[in-house]
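Quick look at data.txt (compact mmCIF, C-alpha atoms):
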```txt
# COMPACT_ATOMS: atom_id res chain seq x y z
CA MET A 151 11.19 6.24 -23.29
CA LYS A 152 12.58 8.29 -20.42
CA ILE A 153 12.91 7.51 -16.72
CA LEU A 154 13.91 9.88 -13.96
CA THR A 155 14.38 8.52 -10.44
CA GLU A 156 15.05 10.79 -7.52
CA SER A 157 14.83 10.80 -3.71
CA PHE A 158 14.32 13.54 -1.16
CA VAL A 159 13.87 13.88 2.58
CA VAL A 160 11.03 15.45 4.54
CA SER A 161 11.79 16.54 8.11
CA THR A 162 8.71 16.00 10.27
CA THR A 163 8.10 17.65 13.63
CA GLY A 164 5.46 15.27 14.99
CA LYS A 165 2.17 13.68 13.99
CA GLY A 166 0.30 15.30 11.11
CA THR A 167 0.25 15.81 7.35
CA TYR A 168 3.00 17.52 5.34
CA GLU A 169 2.30 18.55 1.74
CA ILE A 170 4.84 17.35 -0.84
CA THR A 171 2.94 18.21 -4.05
CA GLU A 172 5.45 20.86 -5.15
CA GLU A 173 8.44 18.59 -4.67
CA ILE A 174 6.83 15.94 -6.87
CA GLU A 175 5.70 18.47 -9.50
CA SER A 176 9.22 19.78 -9.68
CA ILE A 177 10.63 16.29 -10.35
CA VAL A 178 7.96 15.63 -13.00
CA SER A 179 8.79 18.93 -14.65
CA LYS A 180 12.53 18.17 -14.64
CA SER A 181 11.85 14.78 -16.30
CA ASN A 182 10.50 16.43 -19.47
CA ILE A 183 8.04 13.55 -19.69
CA ASN A 184 4.82 14.43 -21.45
CA GLU A 185 2.79 11.22 -21.12
CA GLY A 186 3.48 8.69 -18.40
CA VAL A 187 3.24 7.96 -14.68
CA ALA A 188 4.80 9.37 -11.52
CA THR A 189 5.33 6.73 -8.81
CA VAL A 190 5.89 8.10 -5.30
CA PHE A 191 7.00 5.79 -2.48
CA VAL A 192 7.78 6.41 1.20
CA ARG A 193 10.52 4.17 2.62
CA HIS A 194 9.22 3.74 6.18
CA THR A 195 6.69 1.69 8.15
CA SER A 196 5.44 4.37 10.58
CA CYS A 197 4.37 7.10 8.16
CA SER A 198 2.43 6.97 4.90
CA LEU A 199 1.44 8.79 1.71
CA ILE A 200 -2.05 10.10 1.06
CA VAL A 201 -3.78 12.19 -1.57
CA MET A 202 -5.98 14.57 0.38
CA GLU A 203 -7.92 17.80 -0.03
CA ASN A 204 -5.39 20.64 0.17
CA ALA A 205 -7.61 23.72 0.24
CA ASP A 206 -9.11 23.78 3.74
CA PHE A 207 -6.87 22.77 6.62
CA SER A 208 -9.85 21.68 8.75
CA ALA A 209 -10.28 18.58 6.57
CA ARG A 210 -6.84 17.42 7.67
CA THR A 211 -7.52 18.32 11.32
CA ASP A 212 -10.52 15.98 11.27
CA LEU A 213 -8.52 13.31 9.45
CA HIS A 214 -5.83 13.40 12.16
CA ALA A 215 -8.49 13.18 14.90
CA PHE A 216 -10.25 10.29 13.17
CA PHE A 217 -7.08 8.19 12.92
CA ASP A 218 -6.32 8.91 16.60
CA GLU A 219 -9.74 7.48 17.45
CA LEU A 220 -9.64 4.57 15.00
CA VAL A 221 -6.26 3.25 16.17
CA PRO A 222 -5.92 4.44 19.78
CA GLU A 223 -2.48 4.71 21.37
CA ASP A 224 -3.68 2.94 24.53
CA THR A 225 -5.06 -0.15 22.76
CA PRO A 226 -4.71 -2.68 25.62
CA TYR A 227 -3.81 -5.78 23.57
CA PHE A 228 -0.87 -4.27 21.66
CA VAL A 229 2.41 -6.01 22.53
CA HIS A 230 4.68 -4.20 20.02
CA THR A 231 5.16 -1.13 22.26
CA TYR A 232 8.96 -0.90 22.69
CA GLU A 233 9.11 2.56 21.17
CA GLY A 234 6.10 3.90 23.06
CA GLY A 235 2.36 4.16 22.69
CA ASP A 236 2.60 5.61 19.17
CA ASP A 237 4.74 2.70 17.88
CA MET A 238 2.14 0.10 16.90
CA PRO A 239 -0.62 2.58 15.96
CA SER A 240 1.86 4.07 13.46
CA HIS A 241 2.29 0.76 11.64
CA ILE A 242 -1.46 0.16 11.51
CA ARG A 243 -2.28 3.69 10.31
CA MET A 244 0.34 3.20 7.59
CA CYS A 245 -1.34 -0.06 6.48
CA LEU A 246 -4.80 1.59 6.48
CA THR A 247 -3.54 4.36 4.19
CA ASP A 248 -0.66 3.65 1.80
CA VAL A 249 3.06 3.83 1.06
CA ASP A 250 2.81 4.44 -2.69
CA LYS A 251 0.86 6.70 -5.02
CA ASN A 252 0.86 6.56 -8.81
CA ILE A 253 -0.35 9.55 -10.78
CA PRO A 254 -0.76 9.59 -14.56
CA ILE A 255 1.01 12.42 -16.41
CA ILE A 256 -0.88 13.95 -19.34
CA ASP A 257 0.39 16.94 -21.34
CA GLY A 258 3.44 17.20 -19.11
CA LYS A 259 1.53 17.48 -15.82
CA MET A 260 0.24 15.11 -13.16
CA VAL A 261 -3.53 14.80 -13.43
CA LEU A 262 -4.16 15.77 -9.79
CA GLY A 263 -7.65 17.20 -9.41
CA THR A 264 -8.35 20.76 -8.30
CA TRP A 265 -8.46 19.90 -4.61
CA GLN A 266 -5.95 17.06 -4.54
CA GLY A 267 -2.57 17.40 -2.88
CA LEU A 268 0.02 14.77 -2.03
CA PHE A 269 0.89 14.53 1.65
CA LEU A 270 3.29 12.68 3.88
CA PHE A 271 1.20 11.43 6.81
CA GLU A 272 3.52 11.26 9.84
CA HIS A 273 2.27 8.91 12.56
CA ARG A 274 5.11 9.31 15.11
CA ARG A 275 5.26 11.98 17.84
CA ALA A 276 9.01 12.57 17.62
CA PRO A 277 10.66 14.44 14.73
CA HIS A 278 11.83 12.15 11.90
CA LYS A 279 13.67 12.38 8.59
CA ARG A 280 11.47 10.63 6.02
CA SER A 281 12.90 9.45 2.71
CA ILE A 282 10.64 9.56 -0.35
CA ALA A 283 11.59 7.96 -3.66
CA VAL A 284 10.08 9.02 -6.98
CA ALA A 285 10.19 7.32 -10.40
CA VAL A 286 8.80 9.22 -13.39
CA SER A 287 8.53 7.19 -16.58
CA GLY A 288 7.02 7.82 -19.97
CA ILE A 289 7.65 9.55 -23.26
CA MET B 111 7.52 1.39 -25.76
CA LYS B 112 3.96 2.66 -26.08
CA ILE B 113 1.88 4.88 -23.82
CA LEU B 114 -1.81 5.62 -24.08
CA THR B 115 -3.34 8.16 -21.72
CA GLU B 116 -7.06 8.79 -21.63
CA SER B 117 -9.72 10.25 -19.33
CA PHE B 118 -13.41 9.58 -18.92
CA VAL B 119 -16.24 10.69 -16.68
CA VAL B 120 -18.54 8.60 -14.48
CA SER B 121 -21.86 10.17 -13.50
CA THR B 122 -22.81 9.04 -10.01
CA THR B 123 -26.29 9.21 -8.52
CA GLY B 124 -25.38 8.98 -4.83
CA LYS B 125 -23.33 6.85 -2.46
CA GLY B 126 -22.33 3.42 -3.68
CA THR B 127 -20.02 1.51 -6.02
CA TYR B 128 -20.03 1.87 -9.83
CA GLU B 129 -18.19 -0.72 -11.91
CA ILE B 130 -15.68 0.67 -14.44
CA THR B 131 -13.91 -2.56 -15.45
CA GLU B 132 -15.19 -2.47 -19.03
CA GLU B 133 -14.12 1.14 -19.58
CA ILE B 134 -10.57 0.29 -18.45
CA GLU B 135 -10.46 -2.94 -20.47
CA SER B 136 -11.49 -1.02 -23.54
CA ILE B 137 -8.65 1.50 -23.10
CA VAL B 138 -6.13 -1.32 -22.52
CA SER B 139 -7.38 -3.05 -25.66
CA LYS B 140 -7.09 0.16 -27.71
CA SER B 141 -3.48 0.63 -26.52
CA ASN B 142 -2.34 -2.58 -28.25
CA ILE B 143 0.03 -3.09 -25.34
CA ASN B 144 0.86 -6.72 -24.67
CA GLU B 145 3.04 -6.49 -21.56
CA GLY B 146 2.88 -3.54 -19.20
CA VAL B 147 0.81 -1.77 -16.57
CA ALA B 148 -2.52 0.07 -16.49
CA THR B 149 -2.60 2.94 -13.98
CA VAL B 150 -6.07 4.19 -13.04
CA PHE B 151 -6.50 7.38 -10.99
CA VAL B 152 -9.57 9.24 -9.73
CA ARG B 153 -9.17 13.02 -9.61
CA HIS B 154 -11.29 13.79 -6.52
CA THR B 155 -11.05 13.74 -2.72
CA SER B 156 -14.56 12.50 -1.86
CA CYS B 157 -14.73 9.31 -3.90
CA SER B 158 -12.21 6.52 -4.42
CA LEU B 159 -11.19 3.49 -6.48
CA ILE B 160 -11.42 -0.07 -5.24
CA VAL B 161 -10.93 -3.53 -6.64
CA MET B 162 -13.84 -5.56 -5.28
CA GLU B 163 -15.69 -8.80 -5.86
CA ASN B 164 -18.02 -8.24 -8.82
CA ALA B 165 -20.09 -11.42 -8.86
CA ASP B 166 -22.50 -11.07 -5.94
CA PHE B 167 -23.95 -7.64 -5.26
CA SER B 168 -24.49 -8.45 -1.55
CA ALA B 169 -20.74 -8.15 -0.96
CA ARG B 170 -20.93 -4.50 -2.01
CA THR B 171 -24.08 -3.90 0.06
CA ASP B 172 -22.18 -5.02 3.16
CA LEU B 173 -19.16 -2.94 2.15
CA HIS B 174 -21.31 0.20 1.89
CA ALA B 175 -22.89 -0.53 5.28
CA PHE B 176 -19.51 -1.14 6.89
CA PHE B 177 -18.08 2.19 5.73
CA ASP B 178 -21.22 3.98 6.97
CA GLU B 179 -20.57 2.47 10.41
CA LEU B 180 -16.80 2.96 10.40
CA VAL B 181 -16.91 6.66 9.52
CA PRO B 182 -20.31 7.88 10.75
CA GLU B 183 -21.84 11.01 9.29
CA ASP B 184 -22.72 12.34 12.75
CA THR B 185 -19.20 12.09 14.18
CA PRO B 186 -19.42 14.83 16.84
CA TYR B 187 -15.86 16.17 16.64
CA PHE B 188 -15.79 16.82 12.87
CA VAL B 189 -15.39 20.53 12.09
CA HIS B 190 -15.07 20.24 8.28
CA THR B 191 -18.84 20.04 7.70
CA TYR B 192 -19.55 22.98 5.33
CA GLU B 193 -20.96 20.73 2.64
CA GLY B 194 -23.04 18.61 5.01
CA GLY B 195 -22.71 15.50 7.13
CA ASP B 196 -21.29 13.45 4.25
CA ASP B 197 -18.45 15.93 3.57
CA MET B 198 -15.74 14.86 6.02
CA PRO B 199 -16.67 11.14 6.04
CA SER B 200 -16.12 11.21 2.26
CA HIS B 201 -12.54 12.40 2.60
CA ILE B 202 -11.77 9.82 5.28
CA ARG B 203 -13.37 6.93 3.37
CA MET B 204 -11.30 7.98 0.35
CA CYS B 205 -8.09 7.87 2.45
CA LEU B 206 -9.02 4.44 3.89
CA THR B 207 -9.46 3.02 0.40
CA ASP B 208 -7.47 4.51 -2.50
CA VAL B 209 -7.32 6.90 -5.45
CA ASP B 210 -5.10 4.80 -7.71
CA LYS B 211 -4.93 1.21 -8.87
CA ASN B 212 -2.17 -0.34 -10.97
CA ILE B 213 -2.82 -3.59 -12.79
CA PRO B 214 -0.14 -5.54 -14.69
CA ILE B 215 -0.97 -6.41 -18.31
CA ILE B 216 0.12 -9.86 -19.50
CA ASP B 217 -0.68 -11.27 -22.96
CA GLY B 218 -2.64 -8.12 -23.82
CA LYS B 219 -5.01 -8.30 -20.85
CA MET B 220 -5.12 -6.94 -17.32
CA VAL B 221 -4.45 -9.74 -14.83
CA LEU B 222 -7.64 -9.15 -12.85
CA GLY B 223 -8.70 -12.31 -11.05
CA THR B 224 -11.94 -14.14 -11.76
CA TRP B 225 -13.93 -12.23 -9.15
CA GLN B 226 -12.13 -8.89 -9.34
CA GLY B 227 -13.78 -5.79 -10.77
CA LEU B 228 -12.69 -2.16 -10.68
CA PHE B 229 -15.18 0.19 -9.03
CA LEU B 230 -15.59 3.88 -8.42
CA PHE B 231 -16.63 4.19 -4.75
CA GLU B 232 -18.80 7.32 -4.48
CA HIS B 233 -18.96 8.72 -0.94
CA ARG B 234 -21.22 11.75 -1.56
CA ARG B 235 -25.02 11.71 -1.42
CA ALA B 236 -25.55 14.15 -4.30
CA PRO B 237 -24.96 13.22 -7.97
CA HIS B 238 -21.44 14.01 -9.18
CA LYS B 239 -19.39 13.88 -12.38
CA ARG B 240 -16.20 11.98 -11.53
CA SER B 241 -13.13 12.23 -13.75
CA ILE B 242 -10.92 9.16 -14.06
CA ALA B 243 -7.51 9.26 -15.77
CA VAL B 244 -5.82 6.16 -17.19
CA ALA B 245 -2.24 5.63 -18.35
CA VAL B 246 -1.38 2.35 -20.08
CA SER B 247 2.31 1.79 -20.71
CA GLY B 248 4.33 -1.13 -21.98
CA ILE B 249 5.41 -2.92 -25.12
CA MET C 186 12.96 -0.03 -22.36
CA LYS C 187 12.53 -3.48 -20.85
CA ILE C 188 9.51 -5.18 -19.31
CA LEU C 189 9.42 -8.45 -17.42
CA THR C 190 6.06 -9.86 -16.34
CA GLU C 191 5.82 -12.93 -14.17
CA SER C 192 3.33 -14.67 -11.86
CA PHE C 193 3.78 -16.93 -8.88
CA VAL C 194 1.61 -18.67 -6.30
CA VAL C 195 1.70 -18.41 -2.51
CA SER C 196 0.13 -21.28 -0.56
CA THR C 197 -1.45 -19.92 2.60
CA THR C 198 -2.38 -21.98 5.65
CA GLY C 199 -4.87 -19.62 7.26
CA LYS C 200 -5.19 -15.98 8.32
CA GLY C 201 -1.96 -14.04 8.68
CA THR C 202 0.88 -12.36 6.80
CA TYR C 203 3.30 -14.17 4.47
CA GLU C 204 6.47 -12.38 3.37
CA ILE C 205 7.08 -12.28 -0.40
CA THR C 206 9.96 -9.77 -0.52
CA GLU C 207 12.52 -12.31 -1.75
CA GLU C 208 10.27 -13.55 -4.56
CA ILE C 209 9.83 -9.97 -5.82
CA GLU C 210 13.54 -9.12 -5.43
CA SER C 211 14.40 -12.19 -7.45
CA ILE C 212 12.11 -11.12 -10.32
CA VAL C 213 13.53 -7.57 -10.23
CA SER C 214 17.05 -8.98 -10.32
CA LYS C 215 16.20 -11.23 -13.28
CA SER C 216 14.78 -8.24 -15.19
CA ASN C 217 18.20 -6.53 -15.34
CA ILE C 218 16.33 -3.25 -14.98
CA ASN C 219 18.38 -0.52 -13.33
CA GLU C 220 15.88 2.34 -13.10
CA GLY C 221 12.15 1.75 -13.13
CA VAL C 222 9.18 0.45 -11.17
CA ALA C 223 8.07 -2.95 -9.86
CA THR C 224 4.26 -3.36 -9.83
CA VAL C 225 2.96 -6.20 -7.65
CA PHE C 226 -0.70 -7.24 -7.81
CA VAL C 227 -2.69 -9.94 -6.00
CA ARG C 228 -5.50 -11.47 -8.09
CA HIS C 229 -8.06 -12.13 -5.33
CA THR C 230 -10.71 -10.30 -3.30
CA SER C 231 -10.21 -11.96 0.09
CA CYS C 232 -6.50 -11.34 0.64
CA SER C 233 -4.33 -8.28 0.10
CA LEU C 234 -0.80 -6.89 -0.23
CA ILE C 235 0.86 -4.75 2.40
CA VAL C 236 4.25 -3.25 3.02
CA MET C 237 4.94 -3.85 6.71
CA GLU C 238 7.77 -3.88 9.22
CA ASN C 239 9.62 -7.19 8.77
CA ALA C 240 12.04 -7.18 11.69
CA ASP C 241 9.90 -7.91 14.76
CA PHE C 242 7.10 -10.43 14.39
CA SER C 243 5.09 -8.84 17.24
CA ALA C 244 4.21 -5.90 14.96
CA ARG C 245 2.38 -8.31 12.67
CA THR C 246 0.70 -10.10 15.61
CA ASP C 247 -0.81 -6.78 16.69
CA LEU C 248 -1.78 -5.98 13.09
CA HIS C 249 -3.66 -9.27 12.78
CA ALA C 250 -5.43 -8.64 16.11
CA PHE C 251 -6.37 -5.10 15.12
CA PHE C 252 -8.00 -6.18 11.85
CA ASP C 253 -9.92 -8.91 13.72
CA GLU C 254 -11.32 -6.19 16.01
CA LEU C 255 -11.91 -3.59 13.29
CA VAL C 256 -13.92 -5.90 11.01
CA PRO C 257 -15.40 -8.55 13.33
CA GLU C 258 -16.48 -11.89 11.93
CA ASP C 259 -19.78 -11.75 13.81
CA THR C 260 -20.86 -8.33 12.44
CA PRO C 261 -24.65 -8.75 12.74
CA TYR C 262 -25.71 -6.83 9.61
CA PHE C 263 -23.53 -8.72 7.10
CA VAL C 264 -25.63 -10.61 4.54
CA HIS C 265 -22.78 -11.86 2.31
CA THR C 266 -21.96 -14.83 4.56
CA TYR C 267 -22.33 -17.85 2.22
CA GLU C 268 -18.76 -18.94 2.73
CA GLY C 269 -18.77 -18.44 6.50
CA GLY C 270 -18.09 -15.73 9.04
CA ASP C 271 -14.71 -14.86 7.50
CA ASP C 272 -16.20 -14.26 4.01
CA MET C 273 -17.34 -10.64 4.16
CA PRO C 274 -14.67 -9.46 6.64
CA SER C 275 -12.08 -10.71 4.11
CA HIS C 276 -13.41 -8.46 1.35
CA ILE C 277 -13.51 -5.43 3.67
CA ARG C 278 -10.02 -6.02 5.08
CA MET C 279 -8.79 -6.28 1.48
CA CYS C 280 -10.41 -2.91 0.63
CA LEU C 281 -8.93 -1.28 3.76
CA THR C 282 -5.44 -2.40 2.77
CA ASP C 283 -4.57 -2.90 -0.91
CA VAL C 284 -4.22 -5.24 -3.88
CA ASP C 285 -1.29 -3.48 -5.57
CA LYS C 286 2.08 -2.08 -4.55
CA ASN C 287 4.44 -0.11 -6.76
CA ILE C 288 8.06 0.24 -5.75
CA PRO C 289 10.60 2.41 -7.59
CA ILE C 290 13.81 0.66 -8.67
CA ILE C 291 17.02 2.69 -8.35
CA ASP C 292 20.51 1.32 -9.09
CA GLY C 293 19.03 -2.09 -9.84
CA LYS C 294 17.22 -2.52 -6.54
CA MET C 295 13.78 -1.76 -5.13
CA VAL C 296 13.97 1.21 -2.76
CA LEU C 297 12.36 -0.64 0.16
CA GLY C 298 13.41 0.92 3.45
CA THR C 299 15.44 -0.92 6.09
CA TRP C 300 12.38 -2.25 7.91
CA GLN C 301 10.02 -2.65 4.96
CA GLY C 302 8.96 -6.04 3.68
CA LEU C 303 6.25 -7.00 1.19
CA PHE C 304 3.60 -9.33 2.58
CA LEU C 305 0.57 -11.22 1.35
CA PHE C 306 -2.14 -10.60 3.96
CA GLU C 307 -4.40 -13.67 3.97
CA HIS C 308 -7.87 -12.97 5.39
CA ARG C 309 -9.44 -16.46 5.00
CA ARG C 310 -9.22 -19.23 7.60
CA ALA C 311 -8.90 -22.10 5.10
CA PRO C 312 -5.70 -22.75 3.09
CA HIS C 313 -5.66 -21.03 -0.30
CA LYS C 314 -3.45 -20.80 -3.39
CA ARG C 315 -2.93 -17.07 -4.06
CA SER C 316 -1.75 -15.85 -7.45
CA ILE C 317 0.50 -12.77 -7.54
CA ALA C 318 1.39 -10.98 -10.79
CA VAL C 319 4.46 -8.78 -11.15
CA ALA C 320 5.42 -6.31 -13.89
CA VAL C 321 8.89 -4.77 -13.79
CA SER C 322 9.47 -1.97 -16.30
CA GLY C 323 12.30 0.46 -16.88
CA ILE C 324 15.70 0.80 -18.47
```

Target format structure tokens, applied to this file:
Amino acid sequence: MKILTESFVVSTTGKGTYEITEEIESIVSKSNINEGVATVFVRHTSCSLIVMENADFSARTDLHAFFDELVPEDTPYFVHTYEGGDDMPSHIRMCLTDVDKNIPIIDGKMVLGTWQGLFLFEHRRAPHKRSIAVAVSGI
Amino acid sequence: MKILTESFVVSTTGKGTYEITEEIESIVSKSNINEGVATVFVRHTSCSLIVMENADFSARTDLHAFFDELVPEDTPYFVHTYEGGDDMPSHIRMCLTDVDKNIPIIDGKMVLGTWQGLFLFEHRRAPHKRSIAVAVSGI
Amino acid sequence: MKILTESFVVSTTGKGTYEITEEIESIVSKSNINEGVATVFVRHTSCSLIVMENADFSARTDLHAFFDELVPEDTPYFVHTYEGGDDMPSHIRMCLTDVDKNIPIIDGKMVLGTWQGLFLFEHRRAPHKRSIAVAVSGI
């Protein structure tokens, strides 16, 4: 059995989705693991990880708009607002999506479907450095 | 350490939830793994995987209705609508639920609780063939 | 390769979030695994697992309030209400968050970020005993 763990940083420039599929594929490839699982984890509470359609950008535009509507920045009853109007919505949007993704590896490749990409979903307005940890295990 | 990877297809006939617990249990059983983890992953961006109560169908009826209300098909600001009114809501409902589930295996069985079943959550109106990949690893 | 599987019970006293980070860290530490993954799974359909900010309690207060608004107990079209007004909302809040979390282990420790804690998110009003299963695997 082999395990490769690795971390990398994504620099975000505001709210939106940032594709990280290639970074993960490159770590899986380096692991030389043929059958197993890639576990991807983002180490923050105001951004998240999603698998999303990566062909047509408009799908992500609508996704961003929907989350802005679902968890509005001006929600009147929020008390956790020290860091601004995007503080609490960021935590909630993170909880509604996810911090970890686990993708089986078959024949040396992640089994992502044709239209699936892995994205960091940044929920804060200001630029951030986001740390992502990856563990690839298998044989 | 042992790993068994396998894929199978679920044919859906429209929006709703389709139980796949038995298919996953059968793969776990075939793996002969006693202690480990089963990773289940759906390879699409317009359906998802959920763990849901599997005893009383009315719980899933309400779940379907809730998601229809939460992400309405006639959302006026959606621009990603090439494939119809259920196109963009499908991607969002997928992001709000999940594409992967990871269940510990103890004493040769997944530790699903008494009322927990694994379901494919189909978000498209038209019939689809949905590919699900499974990796079981452990000892 | 090593695997340690273990289960424990959290006694909840009503709706809210209950931190379980120390319980999981203690199992990871006992495993003596240096590089790998910790898989945490809650065996119920009316509570869930989240990774959430664990420094300032007000973030969780707002999270609780948001979920009460998003999935209201008095939703008029719910039919799955045998166990009371918090029955169906519990299942939906579970689906909108998650039942499993997978955290890479690097240098003998889970890679949780500075502000990340693991929490059981109880969605029922009455006290419950909640069973959580953990599988730690790696080298």

| task | Pick out the residues sitting within 10 Å of B:Ser158, and hand them over as a PyMOL selection string; count all atoms listed in the file, and ignore anything fewer than 4 positions along from it in its own chain. | result | chain B and resi 127+151-154+200-201+203-210+229-233+240

| query | For chain C against chain A, which residues fall within 8 Å using only C-alpha atoms, given as a PyMOL selection string? | reply | chain C and resi 186+220-222+235-238+243-244+247-248+281-282+286-291+296-301+323-324

Quick one: 4 Å padding each side, axis-aligned, all listed atoms of stretch 156-175 of chain B - centre and edge lengths in Å to one decimal, as AutoDock Vina command-line options?
```
--center_x -17.7 --center_y 0.5 --center_z -1.8 --size_x 21.6 --size_y 31.9 --size_z 22.1
```

| note | As a check of understanding: the span from atom CA of C:Gly199 to atom CA of C:Gly302 is 19.7 Å

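As for atom CA of C:Val194 and atom CA of C:His313, they are spaced 9.7 Å apart.
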
| message | At a cut-off of 8 Å, using all atoms listed in the file, what residues contact B:Val138? Leave out same-chain residues fewer than 4 positions from it and give the result as number ranges by chain. | response | B: 134, 142-143, 148, 218-220, 246

Put those residues in a file: C-alpha atoms, as a JSON list (two decimals), in the frame of the given file.
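File produced: again_14.json:
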```json
[["chain", "number", "residue", "atom", "x", "y", "z"],
["B", 134, "ILE", "CA", -10.57, 0.29, -18.45],
["B", 142, "ASN", "CA", -2.34, -2.58, -28.25],
["B", 143, "ILE", "CA", 0.03, -3.09, -25.34],
["B", 148, "ALA", "CA", -2.52, 0.07, -16.49],
["B", 218, "GLY", "CA", -2.64, -8.12, -23.82],
["B", 219, "LYS", "CA", -5.01, -8.30, -20.85],
["B", 220, "MET", "CA", -5.12, -6.94, -17.32],
["B", 246, "VAL", "CA", -1.38, 2.35, -20.08]]
```
